[in-house]
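The structure file run_18.csv is reproduced below (CSV, C-alpha atoms).
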chain,number,residue,atom,x,y,z
A,1,MET,CA,79.2,25.1,75.4
A,2,ALA,CA,81.7,26.7,73.0
A,3,MET,CA,81.3,23.6,70.7
A,4,LYS,CA,77.5,24.1,70.6
A,5,ILE,CA,77.9,27.8,69.7
A,6,CYS,CA,80.3,26.8,66.9
A,7,VAL,CA,77.8,24.3,65.5
A,8,VAL,CA,75.0,26.8,65.6
A,9,ILE,CA,77.1,29.4,63.9
A,10,VAL,CA,78.1,26.9,61.2
A,11,LEU,CA,74.5,25.9,60.6
A,12,VAL,CA,73.3,29.5,60.4
A,13,ILE,CA,76.1,30.4,57.9
A,14,GLY,CA,75.2,27.3,55.9
A,15,MET,CA,71.5,28.3,55.7
A,16,VAL,CA,72.4,31.9,54.7
A,17,MET,CA,74.7,30.6,51.9
A,18,THR,CA,72.0,28.2,50.7
A,19,SER,CA,69.6,31.1,50.5
A,20,LEU,CA,72.0,33.3,48.6
A,21,ILE,CA,72.8,30.5,46.1
A,22,SER,CA,69.1,29.9,45.7
A,23,LEU,CA,68.5,33.6,44.9
A,24,THR,CA,71.3,33.7,42.3
A,25,ASN,CA,69.9,30.8,40.4
A,26,ALA,CA,66.5,32.5,39.9
A,27,THR,CA,65.7,33.8,36.4
A,28,PRO,CA,63.9,37.2,36.0
A,29,GLY,CA,60.8,37.3,33.8
A,30,THR,CA,57.2,38.4,33.8
A,31,ALA,CA,53.9,36.7,34.6
A,32,THR,CA,50.3,37.0,33.5
A,33,PHE,CA,47.4,34.8,34.4
A,34,TYR,CA,44.7,32.7,32.7
A,35,THR,CA,41.5,31.0,33.8
A,36,ASN,CA,40.7,28.1,31.4
A,37,TYR,CA,42.8,25.2,32.5
A,38,VAL,CA,41.5,22.3,30.5
A,39,PRO,CA,42.3,21.2,27.8
A,40,SER,CA,46.0,21.8,28.1
A,41,ALA,CA,48.8,21.3,25.5
A,42,CYS,CA,50.6,18.9,27.8
A,43,TYR,CA,47.8,16.8,29.3
A,44,GLY,CA,44.8,17.2,27.2
A,45,ASN,CA,41.6,17.0,29.3
A,46,GLN,CA,43.4,15.7,32.4
A,47,ASN,CA,42.8,18.0,35.5
A,48,ASN,CA,46.1,19.0,37.1
A,49,GLY,CA,44.7,21.2,39.8
A,50,VAL,CA,45.1,24.9,40.0
A,51,MET,CA,48.7,25.5,40.9
A,52,ILE,CA,49.7,25.4,37.3
A,53,ALA,CA,51.2,27.5,34.5
A,54,ALA,CA,51.6,27.8,30.8
A,55,ALA,CA,55.1,28.3,29.3
A,56,SER,CA,55.8,31.1,26.8
A,57,ASP,CA,57.4,30.3,23.4
A,58,PRO,CA,61.0,30.8,24.6
A,59,LEU,CA,60.5,28.2,27.4
A,60,TRP,CA,58.3,25.7,25.5
A,61,ASN,CA,61.0,23.8,23.7
A,62,ASN,CA,58.5,21.5,21.8
A,63,GLY,CA,56.8,20.5,25.1
A,64,ALA,CA,60.0,19.4,26.9
A,65,ILE,CA,59.0,21.7,29.8
A,66,CYS,CA,55.7,19.8,30.4
A,67,GLY,CA,55.5,18.5,33.9
A,68,LYS,CA,58.4,20.5,35.3
A,69,PHE,CA,57.8,22.5,38.5
A,70,PHE,CA,58.9,26.1,39.0
A,71,ARG,CA,59.0,28.2,42.2
A,72,VAL,CA,57.8,31.7,41.3
A,73,THR,CA,58.1,34.9,43.3
A,74,CYS,CA,56.7,38.4,42.4
A,75,THR,CA,59.5,41.0,42.4
A,76,GLY,CA,57.5,44.1,41.4
A,77,PRO,CA,55.1,45.9,39.2
A,78,THR,CA,55.2,46.3,35.4
A,79,ASN,CA,52.5,48.9,35.3
A,80,PRO,CA,51.0,51.7,37.5
A,81,VAL,CA,49.5,49.3,40.1
A,82,PRO,CA,51.5,50.0,43.2
A,83,HIS,CA,52.9,47.2,45.3
A,84,PRO,CA,51.2,44.2,43.7
A,85,CYS,CA,53.4,41.6,45.4
A,86,THR,CA,52.1,39.7,48.4
A,87,GLY,CA,55.6,38.5,49.6
A,88,ASN,CA,54.7,34.9,49.0
A,89,SER,CA,56.1,32.4,46.5
A,90,VAL,CA,54.3,29.7,44.7
A,91,THR,CA,55.3,26.4,43.1
A,92,VAL,CA,53.5,25.6,39.8
A,93,LYS,CA,53.5,22.7,37.4
A,94,ILE,CA,53.9,23.5,33.7
A,95,VAL,CA,50.8,22.0,32.0
A,96,ASP,CA,50.3,24.2,28.9
A,97,HIS,CA,51.8,26.3,26.2
A,98,CYS,CA,51.1,30.0,25.9
A,99,PRO,CA,52.1,31.0,22.4
A,100,GLY,CA,52.5,34.7,22.0
A,101,CYS,CA,51.4,35.5,25.6
A,102,GLY,CA,52.6,38.7,27.2
A,103,GLY,CA,54.7,37.0,29.9
A,104,THR,CA,57.4,34.4,30.5
A,105,LEU,CA,54.9,32.3,32.5
A,106,ASP,CA,51.1,32.4,32.3
A,107,LEU,CA,50.0,31.4,35.8
A,108,SER,CA,46.7,30.1,36.8
A,109,ARG,CA,44.6,32.8,38.5
A,110,GLU,CA,45.0,31.0,41.8
A,111,ALA,CA,48.8,30.8,41.5
A,112,PHE,CA,49.0,34.5,40.5
A,113,ALA,CA,46.8,35.6,43.4
A,114,THR,CA,49.1,33.8,45.8
A,115,ILE,CA,52.0,36.0,44.8
A,116,ALA,CA,50.3,39.2,43.6
A,117,ASN,CA,47.1,41.2,43.3
A,118,PRO,CA,45.4,40.0,40.1
A,119,ILE,CA,44.4,43.6,39.4
A,120,ALA,CA,48.0,44.1,38.4
A,121,GLY,CA,47.5,41.7,35.4
A,122,ILE,CA,51.2,41.4,34.7
A,123,ILE,CA,54.1,41.4,37.2
A,124,LYS,CA,57.8,41.1,37.3
A,125,ILE,CA,58.9,37.7,38.7
A,126,ASP,CA,61.9,35.5,39.5
A,127,TYR,CA,61.4,31.9,38.7
A,128,GLN,CA,63.5,28.7,39.3
A,129,GLU,CA,63.1,25.1,38.5
Write the structure described by the file as structure tokens, please.
Amino acid sequence: MAMKICVVIVLVIGMVMTSLISLTNATPGTATFYTNYVPSACYGNQNNGVMIAAASDPLWNNGAICGKFFRVTCTGPTNPVPHPCTGNSVTVKIVDHCPGCGGTLDLSREAFATIANPIAGIIKIDYQE
């Protein structure tokens, strides 16, 4: 019985440590959303679904980011819209470039709505590849 309790405790500690490490690897930024998904800078007229995003200039790196997946979580408002976050996270595929956009990531409207109220327009996020 004591051995089973020890194993459970070790597993729980391992899961907590993994969660903490995962949180420390996230990068803060901001997100906006867009609604015209095709054509895209990475894939032309190919449809990549709706859980997608465009990368801002600092992330673009001449398109090297195309096809990479990021987990995005809303962390708070950037404007007077109170409590925009839903508490969910979303995984998006980078399919486009957003030169000069107002956020780090420009999410599809569907991806944005998964993590925040679209009325907010722009939100604080944590994102991680």
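Ranking A:Lys124, A:Tyr37, A:Asn61, A:Val81 by their shortest atom-to-atom distance to A:Thr104, with all atoms listed in the file included, puts A:Lys124 first.
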Subject >> Non-local contacts of stretch 109-111 of chain A (12 Å; only C-alpha atoms; under 2 positions in same chain excluded) as an MDAnalysis selection string >> reply: chainID A and resid 31:37 49:54 70:74 86 88:94 105:107 113:122
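Put simply, atom CA of A:Pro82 is 29.5 Å away from atom CA of A:Asp96.
Shortest separation to A:Gly67 among A:Val95, A:Val38, A:Ile123, A:Ala55 occurs at residue A:Val95, atoms counted being only C-alpha atoms.
Atom CA of A:Trp60 is positioned 24.6 Å from atom CA of A:Pro77.
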Subject >> Coordinates-based distance that separates atom CA of A:Gly103 from atom CA of A:Asn25 (Å, one decimal) >> reply: 19.5 Å
Please complete stretch 21-52 of chain A so it has N, CA and C atoms, and hand it over as a PDB file, keeping the file's coordinate frame.
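Result went into selection17.pdb, see below:
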ATOM      1  N   ILE A  21      72.648  31.310  47.342  1.00  0.00           N
ATOM      2  CA  ILE A  21      72.800  30.500  46.100  1.00  0.00           C
ATOM      3  C   ILE A  21      71.492  30.318  45.442  1.00  0.00           C
ATOM      4  N   SER A  22      70.462  30.067  46.213  1.00  0.00           N
ATOM      5  CA  SER A  22      69.100  29.900  45.700  1.00  0.00           C
ATOM      6  C   SER A  22      68.657  31.128  44.942  1.00  0.00           C
ATOM      7  N   LEU A  23      68.920  32.302  45.518  1.00  0.00           N
ATOM      8  CA  LEU A  23      68.500  33.600  44.900  1.00  0.00           C
ATOM      9  C   LEU A  23      69.273  33.812  43.599  1.00  0.00           C
ATOM     10  N   THR A  24      70.534  33.438  43.540  1.00  0.00           N
ATOM     11  CA  THR A  24      71.300  33.700  42.300  1.00  0.00           C
ATOM     12  C   THR A  24      70.944  32.786  41.200  1.00  0.00           C
ATOM     13  N   ASN A  25      70.292  31.672  41.465  1.00  0.00           N
ATOM     14  CA  ASN A  25      69.900  30.800  40.400  1.00  0.00           C
ATOM     15  C   ASN A  25      68.525  31.134  39.819  1.00  0.00           C
ATOM     16  N   ALA A  26      67.829  32.082  40.395  1.00  0.00           N
ATOM     17  CA  ALA A  26      66.500  32.500  39.900  1.00  0.00           C
ATOM     18  C   ALA A  26      66.708  33.293  38.595  1.00  0.00           C
ATOM     19  N   THR A  27      65.723  33.135  37.703  1.00  0.00           N
ATOM     20  CA  THR A  27      65.700  33.800  36.400  1.00  0.00           C
ATOM     21  C   THR A  27      64.641  34.895  36.439  1.00  0.00           C
ATOM     22  N   PRO A  28      64.950  36.121  36.025  1.00  0.00           N
ATOM     23  CA  PRO A  28      63.900  37.200  36.000  1.00  0.00           C
ATOM     24  C   PRO A  28      62.995  36.962  34.770  1.00  0.00           C
ATOM     25  N   GLY A  29      61.775  37.402  34.918  1.00  0.00           N
ATOM     26  CA  GLY A  29      60.800  37.300  33.800  1.00  0.00           C
ATOM     27  C   GLY A  29      59.564  38.107  34.185  1.00  0.00           C
ATOM     28  N   THR A  30      58.477  37.806  33.493  1.00  0.00           N
ATOM     29  CA  THR A  30      57.200  38.400  33.800  1.00  0.00           C
ATOM     30  C   THR A  30      56.123  37.326  33.841  1.00  0.00           C
ATOM     31  N   ALA A  31      55.048  37.609  34.538  1.00  0.00           N
ATOM     32  CA  ALA A  31      53.900  36.700  34.600  1.00  0.00           C
ATOM     33  C   ALA A  31      52.619  37.340  34.392  1.00  0.00           C
ATOM     34  N   THR A  32      51.740  36.624  33.728  1.00  0.00           N
ATOM     35  CA  THR A  32      50.300  37.000  33.500  1.00  0.00           C
ATOM     36  C   THR A  32      49.521  35.867  34.141  1.00  0.00           C
ATOM     37  N   PHE A  33      48.184  35.898  33.965  1.00  0.00           N
ATOM     38  CA  PHE A  33      47.400  34.800  34.400  1.00  0.00           C
ATOM     39  C   PHE A  33      46.276  34.430  33.469  1.00  0.00           C
ATOM     40  N   TYR A  34      45.796  33.188  33.574  1.00  0.00           N
ATOM     41  CA  TYR A  34      44.700  32.700  32.700  1.00  0.00           C
ATOM     42  C   TYR A  34      43.708  31.935  33.596  1.00  0.00           C
ATOM     43  N   THR A  35      42.543  31.603  33.028  1.00  0.00           N
ATOM     44  CA  THR A  35      41.500  31.000  33.800  1.00  0.00           C
ATOM     45  C   THR A  35      40.895  29.705  33.257  1.00  0.00           C
ATOM     46  N   ASN A  36      41.171  29.362  32.018  1.00  0.00           N
ATOM     47  CA  ASN A  36      40.700  28.100  31.400  1.00  0.00           C
ATOM     48  C   ASN A  36      41.786  27.094  31.385  1.00  0.00           C
ATOM     49  N   TYR A  37      41.722  26.100  32.265  1.00  0.00           N
ATOM     50  CA  TYR A  37      42.800  25.200  32.500  1.00  0.00           C
ATOM     51  C   TYR A  37      42.807  23.903  31.678  1.00  0.00           C
ATOM     52  N   VAL A  38      41.640  23.529  31.197  1.00  0.00           N
ATOM     53  CA  VAL A  38      41.500  22.300  30.500  1.00  0.00           C
ATOM     54  C   VAL A  38      40.736  22.580  29.162  1.00  0.00           C
ATOM     55  N   PRO A  39      41.156  22.055  28.034  1.00  0.00           N
ATOM     56  CA  PRO A  39      42.300  21.200  27.800  1.00  0.00           C
ATOM     57  C   PRO A  39      43.614  21.941  27.865  1.00  0.00           C
ATOM     58  N   SER A  40      44.706  21.193  28.052  1.00  0.00           N
ATOM     59  CA  SER A  40      46.000  21.800  28.100  1.00  0.00           C
ATOM     60  C   SER A  40      46.903  21.114  26.999  1.00  0.00           C
ATOM     61  N   ALA A  41      47.924  21.826  26.559  1.00  0.00           N
ATOM     62  CA  ALA A  41      48.800  21.300  25.500  1.00  0.00           C
ATOM     63  C   ALA A  41      49.600  20.081  26.003  1.00  0.00           C
ATOM     64  N   CYS A  42      49.853  19.999  27.299  1.00  0.00           N
ATOM     65  CA  CYS A  42      50.600  18.900  27.800  1.00  0.00           C
ATOM     66  C   CYS A  42      49.806  17.669  28.207  1.00  0.00           C
ATOM     67  N   TYR A  43      48.609  17.890  28.739  1.00  0.00           N
ATOM     68  CA  TYR A  43      47.800  16.800  29.300  1.00  0.00           C
ATOM     69  C   TYR A  43      46.430  16.651  28.807  1.00  0.00           C
ATOM     70  N   GLY A  44      46.095  17.349  27.736  1.00  0.00           N
ATOM     71  CA  GLY A  44      44.800  17.200  27.200  1.00  0.00           C
ATOM     72  C   GLY A  44      43.676  17.598  28.159  1.00  0.00           C
ATOM     73  N   ASN A  45      42.716  16.685  28.375  1.00  0.00           N
ATOM     74  CA  ASN A  45      41.600  17.000  29.300  1.00  0.00           C
ATOM     75  C   ASN A  45      41.833  16.543  30.719  1.00  0.00           C
ATOM     76  N   GLN A  46      43.044  16.127  31.057  1.00  0.00           N
ATOM     77  CA  GLN A  46      43.400  15.700  32.400  1.00  0.00           C
ATOM     78  C   GLN A  46      43.456  16.941  33.333  1.00  0.00           C
ATOM     79  N   ASN A  47      42.794  16.879  34.478  1.00  0.00           N
ATOM     80  CA  ASN A  47      42.800  18.000  35.500  1.00  0.00           C
ATOM     81  C   ASN A  47      44.129  17.865  36.252  1.00  0.00           C
ATOM     82  N   ASN A  48      44.870  18.967  36.304  1.00  0.00           N
ATOM     83  CA  ASN A  48      46.100  19.000  37.100  1.00  0.00           C
ATOM     84  C   ASN A  48      46.052  19.968  38.242  1.00  0.00           C
ATOM     85  N   GLY A  49      44.850  20.251  38.717  1.00  0.00           N
ATOM     86  CA  GLY A  49      44.700  21.200  39.800  1.00  0.00           C
ATOM     87  C   GLY A  49      44.766  22.605  39.402  1.00  0.00           C
ATOM     88  N   VAL A  50      45.046  23.499  40.360  1.00  0.00           N
ATOM     89  CA  VAL A  50      45.100  24.900  40.000  1.00  0.00           C
ATOM     90  C   VAL A  50      46.400  25.610  40.242  1.00  0.00           C
ATOM     91  N   MET A  51      47.368  24.941  40.812  1.00  0.00           N
ATOM     92  CA  MET A  51      48.700  25.500  40.900  1.00  0.00           C
ATOM     93  C   MET A  51      49.526  25.127  39.730  1.00  0.00           C
ATOM     94  N   ILE A  52      49.148  25.736  38.600  1.00  0.00           N
ATOM     95  CA  ILE A  52      49.700  25.400  37.300  1.00  0.00           C
ATOM     96  C   ILE A  52      50.081  26.602  36.516  1.00  0.00           C
TER      97      ILE A  52
END
